[in-house]
>>> print(open('model-v3.txt').read())   # compact mmCIF, N, CA and C atoms
# COMPACT_ATOMS: atom_id res chain seq x y z
N MET A 666 -34.76 8.28 33.79
CA MET A 666 -34.82 7.01 33.10
C MET A 666 -36.13 6.94 32.33
N TYR A 667 -36.04 6.54 31.10
CA TYR A 667 -37.22 6.42 30.26
C TYR A 667 -37.72 4.98 30.30
N LEU A 668 -38.98 4.84 30.44
CA LEU A 668 -39.58 3.52 30.41
C LEU A 668 -40.08 3.25 29.00
N VAL A 669 -39.75 2.09 28.50
CA VAL A 669 -40.16 1.71 27.16
C VAL A 669 -41.11 0.52 27.28
N HIS A 670 -42.19 0.63 26.56
CA HIS A 670 -43.15 -0.47 26.55
C HIS A 670 -42.45 -1.70 25.97
N PRO A 671 -42.68 -2.89 26.57
CA PRO A 671 -41.99 -4.10 26.09
C PRO A 671 -42.20 -4.37 24.60
N LYS A 672 -43.34 -3.93 24.08
CA LYS A 672 -43.63 -4.13 22.66
C LYS A 672 -42.64 -3.36 21.79
N TYR A 673 -42.16 -2.19 22.26
CA TYR A 673 -41.27 -1.34 21.48
C TYR A 673 -39.81 -1.44 21.93
N LYS A 674 -39.52 -2.35 22.82
CA LYS A 674 -38.17 -2.46 23.38
C LYS A 674 -37.13 -2.76 22.30
N ASN A 675 -37.45 -3.62 21.36
CA ASN A 675 -36.51 -4.02 20.32
C ASN A 675 -36.44 -3.01 19.19
N ARG A 676 -37.24 -1.98 19.22
CA ARG A 676 -37.23 -0.98 18.15
C ARG A 676 -36.39 0.24 18.49
N THR A 677 -35.67 0.17 19.57
CA THR A 677 -34.82 1.30 19.93
C THR A 677 -33.53 1.27 19.12
N MET A 678 -32.73 2.31 19.28
CA MET A 678 -31.48 2.41 18.54
C MET A 678 -30.56 1.25 18.91
N ALA A 679 -29.67 0.92 17.99
CA ALA A 679 -28.75 -0.20 18.21
C ALA A 679 -27.89 0.06 19.44
N SER A 680 -27.57 -1.00 20.12
CA SER A 680 -26.74 -0.87 21.31
C SER A 680 -25.33 -0.45 20.91
N PRO A 681 -24.59 0.17 21.83
CA PRO A 681 -23.22 0.57 21.50
C PRO A 681 -22.34 -0.60 21.05
N ASN A 682 -22.57 -1.77 21.64
CA ASN A 682 -21.76 -2.92 21.24
C ASN A 682 -22.04 -3.31 19.80
N LYS A 683 -23.30 -3.30 19.41
CA LYS A 683 -23.66 -3.64 18.04
C LYS A 683 -23.16 -2.57 17.08
N LEU A 684 -23.26 -1.31 17.49
CA LEU A 684 -22.76 -0.22 16.67
C LEU A 684 -21.25 -0.33 16.51
N SER A 685 -20.55 -0.65 17.58
CA SER A 685 -19.10 -0.79 17.51
C SER A 685 -18.70 -1.93 16.57
N LYS A 686 -19.39 -3.03 16.65
CA LYS A 686 -19.11 -4.15 15.75
C LYS A 686 -19.32 -3.73 14.30
N THR A 687 -20.44 -3.06 14.03
CA THR A 687 -20.75 -2.65 12.67
C THR A 687 -19.70 -1.67 12.14
N LEU A 688 -19.31 -0.72 12.97
CA LEU A 688 -18.32 0.25 12.54
C LEU A 688 -16.96 -0.41 12.28
N CYS A 689 -16.59 -1.37 13.12
CA CYS A 689 -15.32 -2.08 12.91
C CYS A 689 -15.36 -2.89 11.61
N ILE A 690 -16.50 -3.48 11.31
CA ILE A 690 -16.63 -4.24 10.06
C ILE A 690 -16.54 -3.31 8.86
N ILE A 691 -17.19 -2.15 8.94
CA ILE A 691 -17.14 -1.19 7.84
C ILE A 691 -15.72 -0.70 7.62
N ALA A 692 -15.04 -0.32 8.70
CA ALA A 692 -13.67 0.20 8.59
C ALA A 692 -12.73 -0.87 8.05
N SER A 693 -12.87 -2.08 8.55
CA SER A 693 -12.00 -3.17 8.08
C SER A 693 -12.27 -3.50 6.62
N SER A 694 -13.53 -3.45 6.22
CA SER A 694 -13.87 -3.70 4.82
C SER A 694 -13.26 -2.65 3.91
N LEU A 695 -13.27 -1.40 4.34
CA LEU A 695 -12.64 -0.34 3.55
C LEU A 695 -11.14 -0.59 3.41
N LEU A 696 -10.49 -0.99 4.49
CA LEU A 696 -9.06 -1.27 4.42
C LEU A 696 -8.75 -2.43 3.48
N ILE A 697 -9.53 -3.48 3.57
CA ILE A 697 -9.31 -4.64 2.70
C ILE A 697 -9.58 -4.26 1.25
N PHE A 698 -10.62 -3.45 1.02
CA PHE A 698 -10.92 -3.00 -0.34
C PHE A 698 -9.77 -2.17 -0.92
N VAL A 699 -9.25 -1.23 -0.15
CA VAL A 699 -8.14 -0.40 -0.62
C VAL A 699 -6.92 -1.27 -0.88
N GLY A 700 -6.66 -2.23 0.00
CA GLY A 700 -5.53 -3.13 -0.20
C GLY A 700 -5.67 -3.96 -1.47
N LEU A 701 -6.86 -4.49 -1.71
CA LEU A 701 -7.08 -5.28 -2.92
C LEU A 701 -7.01 -4.40 -4.17
N PHE A 702 -7.54 -3.19 -4.07
CA PHE A 702 -7.48 -2.27 -5.21
C PHE A 702 -6.03 -1.90 -5.51
N HIS A 703 -5.23 -1.67 -4.48
CA HIS A 703 -3.81 -1.37 -4.68
C HIS A 703 -3.11 -2.56 -5.32
N GLY A 704 -3.41 -3.75 -4.85
CA GLY A 704 -2.78 -4.95 -5.39
C GLY A 704 -3.19 -5.26 -6.82
N SER A 705 -4.35 -4.77 -7.24
CA SER A 705 -4.81 -5.03 -8.61
C SER A 705 -3.93 -4.32 -9.64
N GLY A 706 -3.16 -3.32 -9.23
CA GLY A 706 -2.27 -2.63 -10.15
C GLY A 706 -0.90 -3.25 -10.27
N TYR A 707 -0.68 -4.39 -9.62
CA TYR A 707 0.65 -5.01 -9.60
C TYR A 707 1.13 -5.35 -11.01
N ASN A 708 0.30 -6.00 -11.82
CA ASN A 708 0.73 -6.40 -13.16
C ASN A 708 1.06 -5.19 -14.02
N TYR A 709 0.26 -4.15 -13.92
CA TYR A 709 0.50 -2.93 -14.69
C TYR A 709 1.84 -2.30 -14.29
N ILE A 710 2.07 -2.16 -13.00
CA ILE A 710 3.32 -1.57 -12.51
C ILE A 710 4.51 -2.45 -12.87
N ASN A 711 4.35 -3.75 -12.74
CA ASN A 711 5.43 -4.67 -13.05
C ASN A 711 5.84 -4.55 -14.52
N GLU A 712 4.89 -4.51 -15.44
CA GLU A 712 5.19 -4.36 -16.86
C GLU A 712 5.83 -3.01 -17.15
N MET A 713 5.31 -1.97 -16.52
CA MET A 713 5.84 -0.63 -16.76
C MET A 713 7.30 -0.52 -16.29
N VAL A 714 7.60 -1.10 -15.15
CA VAL A 714 8.97 -1.05 -14.63
C VAL A 714 9.92 -1.86 -15.52
N HIS A 715 9.48 -3.02 -15.97
CA HIS A 715 10.36 -3.86 -16.79
C HIS A 715 10.59 -3.27 -18.17
N GLU A 716 9.65 -2.47 -18.68
CA GLU A 716 9.83 -1.83 -19.99
C GLU A 716 10.60 -0.52 -19.89
N SER A 717 10.86 -0.05 -18.69
CA SER A 717 11.57 1.22 -18.52
C SER A 717 13.08 1.02 -18.65
N ASN A 718 13.80 2.11 -18.59
CA ASN A 718 15.26 2.04 -18.70
C ASN A 718 15.93 2.11 -17.32
N LEU A 719 15.22 1.65 -16.30
CA LEU A 719 15.78 1.62 -14.94
C LEU A 719 16.82 0.51 -14.84
N SER A 720 17.66 0.59 -13.83
CA SER A 720 18.67 -0.46 -13.63
C SER A 720 17.99 -1.77 -13.24
N ASP A 721 18.73 -2.85 -13.42
CA ASP A 721 18.17 -4.17 -13.12
C ASP A 721 17.85 -4.32 -11.64
N LEU A 722 18.63 -3.66 -10.79
CA LEU A 722 18.36 -3.72 -9.35
C LEU A 722 16.99 -3.13 -9.03
N ILE A 723 16.70 -1.97 -9.60
CA ILE A 723 15.40 -1.32 -9.36
C ILE A 723 14.28 -2.16 -9.98
N LYS A 724 14.54 -2.72 -11.14
CA LYS A 724 13.52 -3.57 -11.79
C LYS A 724 13.17 -4.78 -10.94
N GLY A 725 14.13 -5.28 -10.18
CA GLY A 725 13.87 -6.42 -9.32
C GLY A 725 13.24 -6.06 -7.99
N ILE A 726 13.56 -4.87 -7.50
CA ILE A 726 13.07 -4.46 -6.17
C ILE A 726 11.70 -3.80 -6.21
N PHE A 727 11.46 -2.97 -7.21
CA PHE A 727 10.25 -2.14 -7.20
C PHE A 727 8.95 -2.95 -7.13
N PRO A 728 8.77 -4.02 -7.89
CA PRO A 728 7.51 -4.77 -7.77
C PRO A 728 7.27 -5.33 -6.37
N VAL A 729 8.35 -5.74 -5.69
CA VAL A 729 8.21 -6.24 -4.32
C VAL A 729 7.80 -5.10 -3.40
N LEU A 730 8.43 -3.94 -3.56
CA LEU A 730 8.07 -2.79 -2.75
C LEU A 730 6.65 -2.33 -3.01
N PHE A 731 6.17 -2.52 -4.24
CA PHE A 731 4.81 -2.11 -4.57
C PHE A 731 3.77 -2.98 -3.86
N ILE A 732 4.06 -4.25 -3.68
CA ILE A 732 3.08 -5.16 -3.09
C ILE A 732 3.02 -5.05 -1.56
N LEU A 733 4.04 -4.49 -0.92
CA LEU A 733 4.05 -4.39 0.54
C LEU A 733 2.89 -3.58 1.12
N PRO A 734 2.54 -2.41 0.56
CA PRO A 734 1.37 -1.70 1.10
C PRO A 734 0.08 -2.51 0.97
N THR A 735 -0.03 -3.29 -0.09
CA THR A 735 -1.21 -4.15 -0.25
C THR A 735 -1.30 -5.13 0.90
N ILE A 736 -0.19 -5.75 1.22
CA ILE A 736 -0.17 -6.75 2.29
C ILE A 736 -0.49 -6.11 3.63
N HIS A 737 0.10 -4.96 3.91
CA HIS A 737 -0.15 -4.41 5.25
C HIS A 737 -1.53 -3.77 5.35
N LEU A 738 -2.12 -3.27 4.28
CA LEU A 738 -3.50 -2.76 4.36
C LEU A 738 -4.48 -3.91 4.62
N ILE A 739 -4.27 -5.02 3.95
CA ILE A 739 -5.13 -6.19 4.20
C ILE A 739 -4.91 -6.69 5.62
N GLY A 740 -3.68 -6.67 6.08
CA GLY A 740 -3.38 -7.07 7.47
C GLY A 740 -4.06 -6.15 8.48
N PHE A 741 -4.03 -4.83 8.21
CA PHE A 741 -4.73 -3.89 9.09
C PHE A 741 -6.23 -4.20 9.13
N GLY A 742 -6.80 -4.55 7.97
CA GLY A 742 -8.22 -4.91 7.93
C GLY A 742 -8.51 -6.15 8.75
N ILE A 743 -7.60 -7.11 8.70
CA ILE A 743 -7.78 -8.33 9.49
C ILE A 743 -7.67 -8.03 10.98
N PHE A 744 -6.73 -7.16 11.37
CA PHE A 744 -6.64 -6.76 12.77
C PHE A 744 -7.93 -6.05 13.20
N GLY A 745 -8.47 -5.21 12.33
CA GLY A 745 -9.72 -4.52 12.65
C GLY A 745 -10.87 -5.49 12.86
N LEU A 746 -10.90 -6.55 12.06
CA LEU A 746 -11.93 -7.57 12.25
C LEU A 746 -11.69 -8.36 13.53
N GLY A 747 -10.43 -8.54 13.88
CA GLY A 747 -10.10 -9.26 15.11
C GLY A 747 -10.55 -8.53 16.36
N VAL A 748 -10.65 -7.20 16.28
CA VAL A 748 -11.08 -6.40 17.43
C VAL A 748 -12.52 -6.75 17.82
N ILE A 749 -13.29 -7.20 16.88
CA ILE A 749 -14.68 -7.55 17.16
C ILE A 749 -14.76 -8.63 18.24
N TYR A 750 -13.78 -9.51 18.27
CA TYR A 750 -13.81 -10.62 19.21
C TYR A 750 -13.03 -10.34 20.50
N MET A 751 -12.48 -9.16 20.63
CA MET A 751 -11.76 -8.81 21.86
C MET A 751 -12.74 -8.21 22.85
N LYS A 752 -12.77 -8.72 24.02
CA LYS A 752 -13.68 -8.17 25.02
C LYS A 752 -13.02 -7.03 25.76
N GLN A 753 -11.93 -7.31 26.44
CA GLN A 753 -11.18 -6.26 27.08
C GLN A 753 -9.99 -5.93 26.18
N ASP A 754 -9.35 -4.85 26.47
CA ASP A 754 -8.11 -4.47 25.79
C ASP A 754 -8.27 -4.20 24.30
N ALA A 755 -9.46 -3.90 23.83
CA ALA A 755 -9.64 -3.60 22.41
C ALA A 755 -8.93 -2.30 22.04
N ASN A 756 -8.86 -1.37 22.98
CA ASN A 756 -8.19 -0.10 22.70
C ASN A 756 -6.69 -0.28 22.47
N LYS A 757 -6.13 -1.34 23.03
CA LYS A 757 -4.71 -1.60 22.81
C LYS A 757 -4.42 -1.94 21.36
N VAL A 758 -5.42 -2.34 20.62
CA VAL A 758 -5.27 -2.60 19.19
C VAL A 758 -5.81 -1.43 18.38
N LEU A 759 -6.94 -0.89 18.78
CA LEU A 759 -7.60 0.15 17.99
C LEU A 759 -6.78 1.43 17.87
N ILE A 760 -6.20 1.88 18.95
CA ILE A 760 -5.48 3.16 18.92
C ILE A 760 -4.19 3.06 18.09
N PRO A 761 -3.32 2.07 18.32
CA PRO A 761 -2.13 1.97 17.44
C PRO A 761 -2.51 1.71 15.98
N LEU A 762 -3.56 0.93 15.76
CA LEU A 762 -4.01 0.66 14.40
C LEU A 762 -4.45 1.96 13.73
N SER A 763 -5.17 2.79 14.45
CA SER A 763 -5.60 4.08 13.91
C SER A 763 -4.41 4.96 13.57
N ILE A 764 -3.43 4.97 14.44
CA ILE A 764 -2.24 5.79 14.20
C ILE A 764 -1.49 5.31 12.95
N LEU A 765 -1.35 4.01 12.80
CA LEU A 765 -0.67 3.47 11.62
C LEU A 765 -1.43 3.78 10.34
N ILE A 766 -2.75 3.71 10.40
CA ILE A 766 -3.56 4.02 9.21
C ILE A 766 -3.48 5.52 8.90
N LEU A 767 -3.43 6.36 9.94
CA LEU A 767 -3.27 7.80 9.70
C LEU A 767 -1.91 8.09 9.05
N ILE A 768 -0.89 7.37 9.43
CA ILE A 768 0.43 7.54 8.80
C ILE A 768 0.35 7.14 7.33
N ASP A 769 -0.34 6.03 7.04
CA ASP A 769 -0.52 5.63 5.65
C ASP A 769 -1.29 6.67 4.85
N ALA A 770 -2.32 7.25 5.47
CA ALA A 770 -3.07 8.31 4.79
C ALA A 770 -2.16 9.51 4.52
N GLY A 771 -1.28 9.82 5.47
CA GLY A 771 -0.33 10.90 5.26
C GLY A 771 0.60 10.62 4.09
N PHE A 772 1.07 9.38 3.97
CA PHE A 772 1.90 9.00 2.82
C PHE A 772 1.12 9.14 1.52
N ALA A 773 -0.14 8.74 1.54
CA ALA A 773 -0.96 8.86 0.34
C ALA A 773 -1.11 10.33 -0.08
N PHE A 774 -1.37 11.20 0.89
CA PHE A 774 -1.47 12.62 0.57
C PHE A 774 -0.13 13.17 0.09
N TYR A 775 0.97 12.71 0.67
CA TYR A 775 2.30 13.14 0.26
C TYR A 775 2.57 12.76 -1.20
N LEU A 776 2.08 11.60 -1.61
CA LEU A 776 2.26 11.12 -2.98
C LEU A 776 1.17 11.64 -3.93
N SER A 777 0.38 12.60 -3.48
CA SER A 777 -0.69 13.24 -4.25
C SER A 777 -1.81 12.28 -4.60
N ALA A 778 -2.00 11.26 -3.80
CA ALA A 778 -3.11 10.33 -3.97
C ALA A 778 -4.22 10.74 -3.01
N VAL A 779 -5.00 11.73 -3.43
CA VAL A 779 -5.99 12.33 -2.54
C VAL A 779 -7.12 11.35 -2.20
N LEU A 780 -7.68 10.70 -3.20
CA LEU A 780 -8.80 9.79 -2.94
C LEU A 780 -8.40 8.62 -2.03
N PRO A 781 -7.28 7.92 -2.30
CA PRO A 781 -6.88 6.88 -1.34
C PRO A 781 -6.59 7.44 0.05
N GLY A 782 -6.04 8.64 0.11
CA GLY A 782 -5.78 9.26 1.41
C GLY A 782 -7.06 9.50 2.19
N VAL A 783 -8.08 10.00 1.50
CA VAL A 783 -9.36 10.24 2.17
C VAL A 783 -10.01 8.92 2.57
N ILE A 784 -9.92 7.93 1.68
CA ILE A 784 -10.52 6.63 2.01
C ILE A 784 -9.81 6.01 3.21
N LEU A 785 -8.51 6.23 3.35
CA LEU A 785 -7.78 5.70 4.51
C LEU A 785 -8.08 6.48 5.78
N LEU A 786 -8.42 7.75 5.64
CA LEU A 786 -8.78 8.53 6.83
C LEU A 786 -10.06 8.00 7.48
N VAL A 787 -10.99 7.52 6.66
CA VAL A 787 -12.28 7.06 7.19
C VAL A 787 -12.12 5.91 8.18
N PRO A 788 -11.43 4.80 7.84
CA PRO A 788 -11.28 3.74 8.84
C PRO A 788 -10.49 4.18 10.07
N ALA A 789 -9.48 5.03 9.86
CA ALA A 789 -8.71 5.50 11.01
C ALA A 789 -9.59 6.27 11.98
N LEU A 790 -10.42 7.15 11.45
CA LEU A 790 -11.31 7.93 12.31
C LEU A 790 -12.40 7.07 12.92
N ILE A 791 -12.87 6.06 12.18
CA ILE A 791 -13.87 5.14 12.74
C ILE A 791 -13.27 4.37 13.91
N PHE A 792 -12.06 3.85 13.74
CA PHE A 792 -11.43 3.12 14.83
C PHE A 792 -11.19 4.01 16.05
N LEU A 793 -10.79 5.26 15.81
CA LEU A 793 -10.60 6.19 16.92
C LEU A 793 -11.93 6.49 17.63
N TYR A 794 -12.99 6.61 16.84
CA TYR A 794 -14.32 6.86 17.43
C TYR A 794 -14.74 5.67 18.30
N VAL A 795 -14.57 4.47 17.77
CA VAL A 795 -14.95 3.28 18.54
C VAL A 795 -14.10 3.18 19.81
N ALA A 796 -12.82 3.50 19.70
CA ALA A 796 -11.95 3.45 20.88
C ALA A 796 -12.37 4.51 21.90
N SER A 797 -12.81 5.67 21.43
CA SER A 797 -13.23 6.72 22.37
C SER A 797 -14.52 6.34 23.09
N LYS A 798 -15.35 5.55 22.47
CA LYS A 798 -16.60 5.11 23.10
C LYS A 798 -16.36 3.97 24.08
N ASN A 799 -15.18 3.41 24.06
CA ASN A 799 -14.83 2.29 24.94
C ASN A 799 -14.25 2.84 26.23
N LYS A 800 -15.11 3.23 27.13
CA LYS A 800 -14.66 3.82 28.39
C LYS A 800 -14.37 2.78 29.46
N THR A 801 -14.98 1.62 29.34
CA THR A 801 -14.83 0.61 30.39
C THR A 801 -13.94 -0.55 29.97
N ASN A 802 -13.29 -0.43 28.82
CA ASN A 802 -12.48 -1.52 28.25
C ASN A 802 -13.31 -2.77 28.02
N LYS A 803 -14.59 -2.61 27.86
CA LYS A 803 -15.45 -3.72 27.45
C LYS A 803 -16.16 -3.29 26.18
N LEU A 804 -15.37 -3.08 25.16
CA LEU A 804 -15.85 -2.50 23.92
C LEU A 804 -16.86 -3.37 23.21
N ILE A 805 -16.47 -4.55 22.88
CA ILE A 805 -17.33 -5.38 22.06
C ILE A 805 -17.43 -6.74 22.71
N GLU A 806 -18.58 -7.07 23.19
CA GLU A 806 -18.78 -8.38 23.79
C GLU A 806 -19.55 -9.24 22.81
N THR A 807 -18.99 -10.36 22.50
CA THR A 807 -19.65 -11.26 21.56
C THR A 807 -20.58 -12.18 22.32
N THR A 808 -21.69 -12.44 21.71
CA THR A 808 -22.63 -13.39 22.29
C THR A 808 -22.78 -14.54 21.30
N ILE A 809 -22.20 -15.66 21.67
CA ILE A 809 -22.25 -16.83 20.78
C ILE A 809 -23.01 -17.92 21.46
>>> encode(input="model-v3.txt", output="structure tokens")
Amino acid sequence: MYLVHPKYKNRTMASPNKLSKTLCIIASSLLIFVGLFHGSGYNYINEMVHESNLSDLIKGIFPVLFILPTIHLIGFGIFGLGVIYMKQDANKVLIPLSILILIDAGFAFYLSAVLPGVILLVPALIFLYVASKNKTNKLIETTI
């Protein structure tokens, strides 16, 4: 055990709880950013589909299908922010959330969207890292 002089006690590395909170905020912010960036292309895609020679059914469905990934990426970001306030059972959200984000990254790579795929890998790996550091199921304790 290392003894730290009281004067230098607050200058040590951030506690795991504070680090976990910060990492969850970063990962969630990335997810929300990617979701908003995806949603910003809605008008462009909508105009392009309506000017194409696709059937009316596809013209009506495609814009709705385009906005769904935006909604669920922003939702994943909100779930990631919600983990900050979970004391126990945070892994019950973090691990499935990471798996879903990894699936989205796989879809992005499948569609040849390398940069969004890499950006989606980052929050998934961050959430998995935070979940792996949660050995006692007391991942993030808030002090209010």
>>> closest_residue(input="model-v3.txt", among="A:Met713, A:Ile732, A:Val795, A:Leu759", to="Lys686 (chain A)", atoms="only N, CA and C atoms")
A:Val795
>>> residues_around(input="model-v3.txt", residues="region 777-788 of chain A", least_positions_apart="2", cutoff="7 Å", atoms="all atoms listed in the file", output="NGL selection string")
:A and (691-693 or 695-696 or 763 or 766-767 or 769-775 or 790-793)
>>> residues_around(input="model-v3.txt", residues="region 701-704 of chain A", least_positions_apart="6", cutoff="8 Å", atoms="all atoms listed in the file", output="number ranges by chain")
A: 695, 731-732, 734-736, 738-739
>>> closest_residue(input="model-v3.txt", among="A:Ala789, A:Ala755, A:Val729, A:Ile697", to="Ile743 (chain A)", atoms="all atoms listed in the file")
A:Ile697
>>> atom_distance(input="model-v3.txt", atom1="CA of Asn756 (chain A)", atom2="CA of Ala796 (chain A)")
5.5 Å
>>> closest_residue(input="model-v3.txt", among="A:Leu684, A:Cys689, A:Ser720, A:Ile764", to="Gly747 (chain A)", atoms="all atoms listed in the file")
A:Cys689
>>> closest_residue(input="model-v3.txt", among="A:Glu716, A:Pro728, A:Ser685, A:Tyr750", to="Tyr794 (chain A)", atoms="only N, CA and C atoms")
A:Ser685
>>> axis_aligned_box(input="model-v3.txt", around="region 710-724 of chain A", padding_each_side="4 Å", output="lines of an AutoDock Vina configuration file")
center_x = 10.4
center_y = -1.3
center_z = -14.5
size_x = 24.7
size_y = 14.9
size_z = 19.0
>>> atom_distance(input="model-v3.txt", atom1="atom N of Leu776 (chain A)", atom2="atom C of Pro761 (chain A)")
20.7 Å
>>> atom_distance(input="model-v3.txt", atom1="atom C of Tyr709 (chain A)", atom2="CA of Gly740 (chain A)")
22.9 Å
